[in-house]
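Structure file protein16.cif (mmCIF, C-alpha atoms) is printed below.
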data_upload
#
loop_
_atom_site.group_PDB
_atom_site.id
_atom_site.type_symbol
_atom_site.label_atom_id
_atom_site.label_comp_id
_atom_site.auth_asym_id
_atom_site.auth_seq_id
_atom_site.Cartn_x
_atom_site.Cartn_y
_atom_site.Cartn_z
ATOM 1 C CA MET A 1 73.527 61.937 43.383
ATOM 2 C CA ALA A 2 77.035 62.563 44.417
ATOM 3 C CA GLU A 3 77.840 62.060 48.020
ATOM 4 C CA GLU A 4 79.063 65.098 49.868
ATOM 5 C CA ASN A 5 82.447 64.671 51.372
ATOM 6 C CA SER A 6 82.303 65.661 54.951
ATOM 7 C CA LYS A 7 85.584 66.381 56.583
ATOM 8 C CA VAL A 8 86.003 66.644 60.296
ATOM 9 C CA GLU A 9 88.043 69.723 61.229
ATOM 10 C CA GLU A 10 90.935 69.147 63.534
ATOM 11 C CA PRO A 11 91.016 71.184 66.734
ATOM 12 C CA LEU A 12 93.405 74.136 66.708
ATOM 13 C CA GLU A 13 94.900 73.273 70.017
ATOM 14 C CA THR A 14 96.949 70.139 70.089
ATOM 15 C CA PRO A 15 98.676 68.644 73.082
ATOM 16 C CA GLU A 16 101.961 70.022 71.754
ATOM 17 C CA THR A 17 100.701 73.651 71.633
ATOM 18 C CA GLU A 18 99.221 73.358 75.144
ATOM 19 C CA ALA A 19 102.556 72.122 76.467
ATOM 20 C CA ALA A 20 104.410 74.992 74.768
ATOM 21 C CA ALA A 21 102.005 77.558 76.324
ATOM 22 C CA GLU A 22 102.575 76.065 79.793
ATOM 23 C CA ASP A 23 106.341 76.268 79.312
ATOM 24 C CA VAL A 24 106.104 79.983 78.399
ATOM 25 C CA ALA A 25 103.911 80.654 81.430
ATOM 26 C CA GLN A 26 106.406 78.966 83.767
ATOM 27 C CA GLU A 27 109.391 80.822 82.309
ATOM 28 C CA ASN A 28 107.689 84.289 82.425
ATOM 29 C CA PRO A 29 105.718 84.886 85.609
ATOM 30 C CA LEU A 30 104.330 88.205 84.256
ATOM 31 C CA PHE A 31 102.472 86.242 81.633
ATOM 32 C CA ASN A 32 99.994 84.957 84.202
ATOM 33 C CA GLU A 33 99.618 88.152 86.297
ATOM 34 C CA GLU A 34 96.306 89.954 86.297
ATOM 35 C CA PRO A 35 96.569 93.626 85.238
ATOM 36 C CA GLU A 36 96.521 96.067 88.128
ATOM 37 C CA LEU A 37 93.691 98.547 88.203
ATOM 38 C CA MET A 38 94.567 102.174 88.883
ATOM 39 C CA THR A 39 93.215 104.001 91.854
ATOM 40 C CA ALA A 40 91.121 107.154 91.445
ATOM 41 C CA ASP A 41 94.082 109.318 92.501
ATOM 42 C CA GLU A 42 96.358 107.721 89.889
ATOM 43 C CA THR A 43 93.682 108.180 87.220
ATOM 44 C CA ALA A 44 93.336 111.891 88.116
ATOM 45 C CA VAL A 45 97.130 112.342 88.062
ATOM 46 C CA ASN A 46 97.362 110.656 84.662
ATOM 47 C CA ALA A 47 94.454 112.724 83.282
ATOM 48 C CA GLY A 48 96.183 115.900 84.477
ATOM 49 C CA ARG A 49 99.435 114.795 82.909
ATOM 50 C CA ILE A 50 97.649 114.006 79.599
ATOM 51 C CA GLU A 51 96.033 117.450 79.596
ATOM 52 C CA GLU A 52 99.408 119.097 80.292
ATOM 53 C CA LEU A 53 101.038 117.145 77.456
ATOM 54 C CA GLU A 54 98.206 118.083 75.054
ATOM 55 C CA GLN A 55 98.719 121.771 75.921
ATOM 56 C CA GLN A 56 102.457 121.431 75.303
ATOM 57 C CA LEU A 57 101.746 119.733 71.966
ATOM 58 C CA ALA A 58 99.357 122.530 70.920
ATOM 59 C CA LEU A 59 101.980 125.133 71.920
ATOM 60 C CA ALA A 60 104.690 123.309 69.964
ATOM 61 C CA LYS A 61 102.443 123.143 66.873
ATOM 62 C CA ASP A 62 101.712 126.872 67.152
ATOM 63 C CA GLN A 63 105.417 127.685 67.483
ATOM 64 C CA ALA A 64 106.231 125.494 64.481
ATOM 65 C CA LEU A 65 103.583 127.274 62.366
ATOM 66 C CA ARG A 66 104.922 130.682 63.422
ATOM 67 C CA ALA A 67 108.491 129.651 62.630
ATOM 68 C CA THR A 68 107.425 128.409 59.187
ATOM 69 C CA ALA A 69 105.556 131.658 58.478
ATOM 70 C CA GLU A 70 108.558 133.731 59.603
ATOM 71 C CA ALA A 71 110.873 131.703 57.370
ATOM 72 C CA MET A 72 108.567 132.252 54.379
ATOM 73 C CA ASN A 73 108.399 136.006 55.098
ATOM 74 C CA THR A 74 112.187 136.206 55.364
ATOM 75 C CA LYS A 75 112.572 134.347 52.067
ATOM 76 C CA ARG A 76 110.077 136.666 50.338
ATOM 77 C CA ARG A 77 111.841 139.784 51.697
ATOM 78 C CA ALA A 78 115.212 138.447 50.520
ATOM 79 C CA GLU A 79 113.791 137.792 47.031
ATOM 80 C CA GLN A 80 112.396 141.345 46.913
ATOM 81 C CA ASP A 81 115.766 142.766 48.004
ATOM 82 C CA VAL A 82 117.552 140.827 45.267
ATOM 83 C CA GLU A 83 115.001 142.007 42.689
ATOM 84 C CA LYS A 84 115.457 145.633 43.786
ATOM 85 C CA ALA A 85 119.230 145.252 43.663
ATOM 86 C CA HIS A 86 118.975 143.990 40.061
ATOM 87 C CA LYS A 87 116.599 146.765 39.032
ATOM 88 C CA PHE A 88 118.200 149.704 40.798
ATOM 89 C CA GLY A 89 121.829 148.653 41.014
ATOM 90 C CA VAL A 90 122.752 151.034 38.206
ATOM 91 C CA ASP A 91 121.286 154.199 39.750
ATOM 92 C CA LYS A 92 124.747 155.669 40.525
ATOM 93 C CA PHE A 93 125.755 155.069 36.921
ATOM 94 C CA VAL A 94 122.561 156.742 35.723
ATOM 95 C CA ASN A 95 123.227 159.762 37.926
ATOM 96 C CA GLU A 96 126.661 160.088 36.298
ATOM 97 C CA MET A 97 125.231 159.783 32.773
ATOM 98 C CA ILE A 98 122.498 162.411 33.145
ATOM 99 C CA PRO A 99 124.961 165.363 33.047
ATOM 100 C CA VAL A 100 126.468 163.917 29.848
ATOM 101 C CA VAL A 101 123.028 163.893 28.207
ATOM 102 C CA GLU A 102 122.418 167.453 29.380
ATOM 103 C CA SER A 103 125.785 168.652 28.063
ATOM 104 C CA LEU A 104 124.949 167.219 24.651
ATOM 105 C CA GLU A 105 121.548 168.898 24.752
ATOM 106 C CA LYS A 106 123.135 172.265 25.599
ATOM 107 C CA GLY A 107 125.689 171.815 22.817
ATOM 108 C CA ILE A 108 122.903 171.101 20.309
ATOM 109 C CA GLU A 109 120.969 174.126 21.536
ATOM 110 C CA ASN A 110 123.996 176.416 21.208
ATOM 111 C CA ALA A 111 124.922 175.066 17.778
ATOM 112 C CA GLU A 112 121.371 175.673 16.533
ATOM 113 C CA GLN A 113 121.588 179.316 17.615
ATOM 114 C CA ALA A 114 125.136 179.950 16.332
ATOM 115 C CA GLU A 115 125.819 181.491 12.947
ATOM 116 C CA GLY A 116 127.921 179.685 10.393
ATOM 117 C CA GLN A 117 128.347 176.196 8.989
ATOM 118 C CA HIS A 118 127.750 173.937 11.965
ATOM 119 C CA GLU A 119 125.186 171.658 10.341
ATOM 120 C CA THR A 120 127.481 168.603 10.137
ATOM 121 C CA MET A 121 128.614 168.959 13.745
ATOM 122 C CA LEU A 122 125.034 169.576 14.841
ATOM 123 C CA GLU A 123 123.815 166.441 13.066
ATOM 124 C CA GLY A 124 126.557 164.364 14.723
ATOM 125 C CA MET A 125 125.628 165.721 18.143
ATOM 126 C CA ARG A 126 121.938 164.942 17.560
ATOM 127 C CA LEU A 127 122.758 161.368 16.554
ATOM 128 C CA THR A 128 125.035 160.940 19.590
ATOM 129 C CA HIS A 129 122.315 162.336 21.853
ATOM 130 C CA LYS A 130 119.695 159.961 20.408
ATOM 131 C CA GLN A 131 122.056 157.001 20.687
ATOM 132 C CA LEU A 132 122.780 157.815 24.342
ATOM 133 C CA LEU A 133 119.070 158.140 25.197
ATOM 134 C CA ASP A 134 118.331 154.862 23.372
ATOM 135 C CA ALA A 135 121.102 153.110 25.321
ATOM 136 C CA LEU A 136 119.730 154.434 28.626
ATOM 137 C CA GLY A 137 116.209 153.419 27.568
ATOM 138 C CA LYS A 138 117.334 149.785 27.182
ATOM 139 C CA PHE A 139 118.021 149.841 30.920
ATOM 140 C CA GLN A 140 114.617 151.437 31.680
ATOM 141 C CA VAL A 141 116.077 154.929 32.184
ATOM 142 C CA LEU A 142 113.475 157.293 30.764
ATOM 143 C CA GLN A 143 113.582 161.049 30.326
ATOM 144 C CA VAL A 144 110.676 163.028 31.795
ATOM 145 C CA ASN A 145 109.815 166.121 29.735
ATOM 146 C CA PRO A 146 106.309 167.085 30.916
ATOM 147 C CA GLU A 147 105.773 170.355 29.060
ATOM 148 C CA GLY A 148 102.025 170.926 28.522
ATOM 149 C CA GLU A 149 101.082 168.043 30.837
ATOM 150 C CA PRO A 150 99.261 168.316 34.191
ATOM 151 C CA PHE A 151 101.602 168.871 37.140
ATOM 152 C CA ASP A 152 102.380 165.600 38.979
ATOM 153 C CA PRO A 153 104.232 166.069 42.299
ATOM 154 C CA ASN A 154 105.427 162.448 42.121
ATOM 155 C CA PHE A 155 107.543 163.202 39.030
ATOM 156 C CA HIS A 156 107.791 167.007 38.882
ATOM 157 C CA GLN A 157 109.175 169.680 41.166
ATOM 158 C CA ALA A 158 107.643 173.137 40.762
ATOM 159 C CA ILE A 159 110.161 175.976 40.988
ATOM 160 C CA SER A 160 107.524 178.677 40.422
ATOM 161 C CA MET A 161 103.870 179.238 39.593
ATOM 162 C CA VAL A 162 102.936 181.831 36.968
ATOM 163 C CA PRO A 163 99.440 183.130 36.155
ATOM 164 C CA ASN A 164 98.457 182.136 32.620
ATOM 165 C CA PRO A 165 94.896 182.660 31.336
ATOM 166 C CA ASP A 166 95.625 180.545 28.215
ATOM 167 C CA MET A 167 96.368 177.332 30.192
ATOM 168 C CA GLU A 168 94.492 175.225 32.681
ATOM 169 C CA PRO A 169 95.698 175.783 36.265
ATOM 170 C CA ASN A 170 98.364 173.290 37.458
ATOM 171 C CA THR A 171 99.696 172.669 33.946
ATOM 172 C CA VAL A 172 103.445 172.530 33.247
ATOM 173 C CA MET A 173 104.277 175.659 31.214
ATOM 174 C CA ASN A 174 108.048 175.328 30.933
ATOM 175 C CA VAL A 175 110.560 172.631 31.794
ATOM 176 C CA PHE A 176 113.622 174.171 33.391
ATOM 177 C CA GLN A 177 115.384 170.802 33.814
ATOM 178 C CA LYS A 178 114.183 167.407 32.531
ATOM 179 C CA GLY A 179 113.608 164.590 34.974
ATOM 180 C CA TYR A 180 114.642 160.924 34.805
ATOM 181 C CA THR A 181 113.142 157.654 36.053
ATOM 182 C CA LEU A 182 114.667 154.190 36.467
ATOM 183 C CA HIS A 183 112.116 151.333 36.277
ATOM 184 C CA GLY A 184 109.419 153.883 37.117
ATOM 185 C CA ARG A 185 111.241 155.183 40.204
ATOM 186 C CA VAL A 186 112.239 158.854 40.112
ATOM 187 C CA ILE A 187 115.994 159.374 39.859
ATOM 188 C CA ARG A 188 115.576 163.123 39.502
ATOM 189 C CA PRO A 189 112.287 165.046 39.291
ATOM 190 C CA ALA A 190 111.683 167.444 36.393
ATOM 191 C CA MET A 191 112.125 171.089 37.487
ATOM 192 C CA VAL A 192 109.103 172.913 36.052
ATOM 193 C CA VAL A 193 107.180 176.193 35.937
ATOM 194 C CA VAL A 194 103.479 175.603 36.636
ATOM 195 C CA SER A 195 100.504 177.709 35.541
ATOM 196 C CA LYS A 196 98.003 179.078 38.040
ATOM 197 C CA ALA A 197 94.683 180.822 37.685
ATOM 198 C CA SER A 198 95.018 184.551 37.043
#
Output the structure of this file as structure tokens.
Amino acid sequence: MAEENSKVEEPLETPETEAAAEDVAQENPLFNEEPELMTADETAVNAGRIEELEQQLALAKDQALRATAEAMNTKRRAEQDVEKAHKFGVDKFVNEMIPVVESLEKGIENAEQAEGQHETMLEGMRLTHKQLLDALGKFQVLQVNPEGEPFDPNFHQAISMVPNPDMEPNTVMNVFQKGYTLHGRVIRPAMVVVSKAS
């Protein structure tokens, strides 16, 4: 059998470390002082101060959360404003173009009723009219022509109501002036004549 090697552990404290600890104690008198115990009054004052500081901390956290929420709301509102500006920034332009479309429509109407050889001019006006409406449509400007549809006060403006036994009540009978929308928002409502029960 192999003999177990037994090794005697050396003590952690040596005379050198004890001497070094004594030197530190002599150089720093606070090293050897016993800690002072607080009186009951000091403990109560400190407890009150701790409670006051905890309340201030809770208030500061609440204010920080509110400030963060307000900043996020402001950012969201600014993003919505920018989006609206992009969508509806051309509404003045659209309002200027609508009379041009209407003039073309009137010209086509008059040419269709006139006698003589106007077919070539009429065809050119129709193509120009279609091209203009297509161009406006690319920018989400849509014409509202609700003839035969139910009256919708969000998109139509009734100029009169006429009894008509052949139509359901509140149906658009005639369109006096077409309406226009931009991204679904009404630029100009359609001016319509609405049926009513006789």
Task: Spatial neighbours of segment 131-147 of chain A, max dist 6 Å, all atoms listed in the file, sep filter under 3 positions, as a list of chain:residue names - done: A:Thr128, A:Val172, A:Met173, A:Asn174, A:Val175, A:Lys178, A:Gly179, A:Tyr180, A:Thr181, A:Leu182, A:His183
Task: Interatomic distance, atom CA of Asp166 of chain A to atom CA of Gly148 of chain A (Å, one decimal) - done: 11.6 Å
Hey, could you pull the box centre and edge lengths for segment 165-182 of chain A, axis-aligned, 5 Å padding per side, all listed atoms, to one decimal in Å, as AutoDock Vina command-line options?
--center_x 104.9 --center_y 168.4 --center_z 32.8 --size_x 30.9 --size_y 38.5 --size_z 19.2
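When you apply the PyMOL selection byres ((chain A and resi 162) around 9) to this structure, what comes back is Ser160, Met161, Pro163, Asn164, Met173, Val193, Val194, Ser195, Lys196, Ala197 and Ser198 of chain A.
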Task: Straight-line distance linking atom CA of Asn170 of chain A with atom CA of Pro153 of chain A, stated in Å to one decimal - done: 10.5 Å
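Here atom CA of Lys106 of chain A stands at a distance of 22.4 Å from atom CA of Lys92 of chain A.
The nearest approach to Glu168 of chain A among the residues A:Phe151, A:Ala60, A:Asn110, A:Glu123, with all atoms listed in the file taken into account, belongs to A:Phe151.
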Open item on the list: Which residues would end up in the selection if the PyMOL selection byres ((chain A and resi 122) around 10) were applied here, given that I need the answer as JSON, numbers by chain?
Closed with: {"A": [107, 108, 109, 110, 111, 112, 117, 118, 119, 120, 121, 123, 124, 125, 126, 127, 128]}
Residues matched by the PyMOL selection byres ((chain A and resi 191) around 6) as an mmCIF file with C-alpha atoms, in the coordinates of the input:
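File produced: result_17.cif:
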data_model
loop_
_atom_site.group_PDB
_atom_site.id
_atom_site.type_symbol
_atom_site.label_atom_id
_atom_site.label_comp_id
_atom_site.auth_asym_id
_atom_site.auth_seq_id
_atom_site.Cartn_x
_atom_site.Cartn_y
_atom_site.Cartn_z
ATOM 1 C CA GLN A 157 109.175 169.680 41.166
ATOM 2 C CA ALA A 158 107.643 173.137 40.762
ATOM 3 C CA PHE A 176 113.622 174.171 33.391
ATOM 4 C CA GLN A 177 115.384 170.802 33.814
ATOM 5 C CA ALA A 190 111.683 167.444 36.393
ATOM 6 C CA VAL A 192 109.103 172.913 36.052
#
Take segment 22-121 of chain A from the preceding structure and save C-alpha atoms as a PDB file, in the first residue's frame.
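Saved result, part12.pdb, follows:
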ATOM      1  CA  GLU A  22      -0.178  46.667  13.828  1.00  0.00           C
ATOM      2  CA  ASP A  23       1.564  49.323  11.737  1.00  0.00           C
ATOM      3  CA  VAL A  24      -1.698  50.123   9.891  1.00  0.00           C
ATOM      4  CA  ALA A  25      -3.584  50.342  13.184  1.00  0.00           C
ATOM      5  CA  GLN A  26      -1.040  52.792  14.622  1.00  0.00           C
ATOM      6  CA  GLU A  27      -1.049  54.994  11.519  1.00  0.00           C
ATOM      7  CA  ASN A  28      -4.900  55.139  11.250  1.00  0.00           C
ATOM      8  CA  PRO A  29      -6.621  55.578  14.602  1.00  0.00           C
ATOM      9  CA  LEU A  30     -10.087  55.124  13.003  1.00  0.00           C
ATOM     10  CA  PHE A  31      -9.141  51.566  12.205  1.00  0.00           C
ATOM     11  CA  ASN A  32      -9.448  50.558  15.849  1.00  0.00           C
ATOM     12  CA  GLU A  33     -12.538  52.641  16.770  1.00  0.00           C
ATOM     13  CA  GLU A  34     -15.751  50.860  17.624  1.00  0.00           C
ATOM     14  CA  PRO A  35     -18.716  51.941  15.452  1.00  0.00           C
ATOM     15  CA  GLU A  36     -21.046  54.395  17.143  1.00  0.00           C
ATOM     16  CA  LEU A  37     -24.608  53.282  17.638  1.00  0.00           C
ATOM     17  CA  MET A  38     -27.347  55.728  16.687  1.00  0.00           C
ATOM     18  CA  THR A  39     -29.805  57.003  19.203  1.00  0.00           C
ATOM     19  CA  ALA A  40     -33.546  56.452  18.758  1.00  0.00           C
ATOM     20  CA  ASP A  41     -34.005  60.088  17.693  1.00  0.00           C
ATOM     21  CA  GLU A  42     -31.308  59.789  15.012  1.00  0.00           C
ATOM     22  CA  THR A  43     -32.859  56.544  13.760  1.00  0.00           C
ATOM     23  CA  ALA A  44     -36.297  58.218  13.491  1.00  0.00           C
ATOM     24  CA  VAL A  45     -34.784  61.219  11.672  1.00  0.00           C
ATOM     25  CA  ASN A  46     -32.979  58.930   9.231  1.00  0.00           C
ATOM     26  CA  ALA A  47     -36.123  56.827   8.659  1.00  0.00           C
ATOM     27  CA  GLY A  48     -38.082  60.008   7.921  1.00  0.00           C
ATOM     28  CA  ARG A  49     -35.393  61.188   5.547  1.00  0.00           C
ATOM     29  CA  ILE A  50     -35.377  57.783   3.766  1.00  0.00           C
ATOM     30  CA  GLU A  51     -39.158  57.921   3.367  1.00  0.00           C
ATOM     31  CA  GLU A  52     -38.940  61.474   1.983  1.00  0.00           C
ATOM     32  CA  LEU A  53     -36.243  60.430  -0.497  1.00  0.00           C
ATOM     33  CA  GLU A  54     -38.304  57.398  -1.608  1.00  0.00           C
ATOM     34  CA  GLN A  55     -41.291  59.694  -2.264  1.00  0.00           C
ATOM     35  CA  GLN A  56     -39.085  62.042  -4.284  1.00  0.00           C
ATOM     36  CA  LEU A  57     -37.745  59.074  -6.263  1.00  0.00           C
ATOM     37  CA  ALA A  58     -41.282  57.824  -7.006  1.00  0.00           C
ATOM     38  CA  LEU A  59     -42.285  61.349  -8.113  1.00  0.00           C
ATOM     39  CA  ALA A  60     -39.221  61.633 -10.354  1.00  0.00           C
ATOM     40  CA  LYS A  61     -39.988  58.243 -11.949  1.00  0.00           C
ATOM     41  CA  ASP A  62     -43.592  59.307 -12.580  1.00  0.00           C
ATOM     42  CA  GLN A  63     -42.463  62.587 -14.149  1.00  0.00           C
ATOM     43  CA  ALA A  64     -39.957  60.748 -16.344  1.00  0.00           C
ATOM     44  CA  LEU A  65     -42.673  58.339 -17.558  1.00  0.00           C
ATOM     45  CA  ARG A  66     -45.017  61.244 -18.319  1.00  0.00           C
ATOM     46  CA  ALA A  67     -42.287  63.103 -20.197  1.00  0.00           C
ATOM     47  CA  THR A  68     -41.511  59.990 -22.257  1.00  0.00           C
ATOM     48  CA  ALA A  69     -45.202  59.487 -23.082  1.00  0.00           C
ATOM     49  CA  GLU A  70     -45.567  63.154 -24.077  1.00  0.00           C
ATOM     50  CA  ALA A  71     -42.504  62.915 -26.319  1.00  0.00           C
ATOM     51  CA  MET A  72     -43.926  59.814 -28.030  1.00  0.00           C
ATOM     52  CA  ASN A  73     -47.299  61.545 -28.539  1.00  0.00           C
ATOM     53  CA  THR A  74     -45.595  64.612 -30.006  1.00  0.00           C
ATOM     54  CA  LYS A  75     -43.571  62.425 -32.369  1.00  0.00           C
ATOM     55  CA  ARG A  76     -46.701  60.546 -33.493  1.00  0.00           C
ATOM     56  CA  ARG A  77     -48.604  63.818 -34.090  1.00  0.00           C
ATOM     57  CA  ALA A  78     -45.683  65.203 -36.111  1.00  0.00           C
ATOM     58  CA  GLU A  79     -45.587  62.030 -38.243  1.00  0.00           C
ATOM     59  CA  GLN A  80     -49.343  62.316 -38.868  1.00  0.00           C
ATOM     60  CA  ASP A  81     -48.960  65.986 -39.844  1.00  0.00           C
ATOM     61  CA  VAL A  82     -46.204  65.117 -42.312  1.00  0.00           C
ATOM     62  CA  GLU A  83     -48.321  62.299 -43.770  1.00  0.00           C
ATOM     63  CA  LYS A  84     -51.298  64.648 -44.186  1.00  0.00           C
ATOM     64  CA  ALA A  85     -49.073  67.269 -45.791  1.00  0.00           C
ATOM     65  CA  HIS A  86     -47.863  64.674 -48.328  1.00  0.00           C
ATOM     66  CA  LYS A  87     -51.376  63.435 -49.055  1.00  0.00           C
ATOM     67  CA  PHE A  88     -53.234  66.729 -49.180  1.00  0.00           C
ATOM     68  CA  GLY A  89     -50.526  69.159 -50.225  1.00  0.00           C
ATOM     69  CA  VAL A  90     -51.926  69.302 -53.750  1.00  0.00           C
ATOM     70  CA  ASP A  91     -55.497  70.262 -52.817  1.00  0.00           C
ATOM     71  CA  LYS A  92     -55.089  73.852 -54.114  1.00  0.00           C
ATOM     72  CA  PHE A  93     -53.818  72.466 -57.405  1.00  0.00           C
ATOM     73  CA  VAL A  94     -56.778  70.089 -57.575  1.00  0.00           C
ATOM     74  CA  ASN A  95     -59.203  72.943 -56.955  1.00  0.00           C
ATOM     75  CA  GLU A  96     -57.654  74.791 -59.911  1.00  0.00           C
ATOM     76  CA  MET A  97     -57.863  71.730 -62.180  1.00  0.00           C
ATOM     77  CA  ILE A  98     -61.524  70.906 -61.523  1.00  0.00           C
ATOM     78  CA  PRO A  99     -62.833  73.867 -63.600  1.00  0.00           C
ATOM     79  CA  VAL A 100     -60.611  72.737 -66.495  1.00  0.00           C
ATOM     80  CA  VAL A 101     -62.198  69.273 -66.395  1.00  0.00           C
ATOM     81  CA  GLU A 102     -65.656  70.835 -66.269  1.00  0.00           C
ATOM     82  CA  SER A 103     -64.916  73.141 -69.210  1.00  0.00           C
ATOM     83  CA  LEU A 104     -63.862  70.142 -71.281  1.00  0.00           C
ATOM     84  CA  GLU A 105     -67.020  68.299 -70.266  1.00  0.00           C
ATOM     85  CA  LYS A 106     -69.190  71.265 -71.298  1.00  0.00           C
ATOM     86  CA  GLY A 107     -67.333  71.535 -74.605  1.00  0.00           C
ATOM     87  CA  ILE A 108     -67.937  67.833 -75.303  1.00  0.00           C
ATOM     88  CA  GLU A 109     -71.600  68.218 -74.392  1.00  0.00           C
ATOM     89  CA  ASN A 110     -72.040  71.221 -76.695  1.00  0.00           C
ATOM     90  CA  ALA A 111     -70.174  69.570 -79.566  1.00  0.00           C
ATOM     91  CA  GLU A 112     -72.389  66.480 -79.285  1.00  0.00           C
ATOM     92  CA  GLN A 113     -75.499  68.649 -79.616  1.00  0.00           C
ATOM     93  CA  ALA A 114     -74.183  70.885 -82.428  1.00  0.00           C
ATOM     94  CA  GLU A 115     -74.938  70.214 -86.071  1.00  0.00           C
ATOM     95  CA  GLY A 116     -72.152  69.732 -88.562  1.00  0.00           C
ATOM     96  CA  GLN A 117     -68.830  67.936 -88.828  1.00  0.00           C
ATOM     97  CA  HIS A 118     -67.384  68.174 -85.339  1.00  0.00           C
ATOM     98  CA  GLU A 119     -66.587  64.491 -84.889  1.00  0.00           C
ATOM     99  CA  THR A 120     -62.789  64.907 -85.081  1.00  0.00           C
ATOM    100  CA  MET A 121     -62.778  67.808 -82.629  1.00  0.00           C
TER     101      MET A 121
END
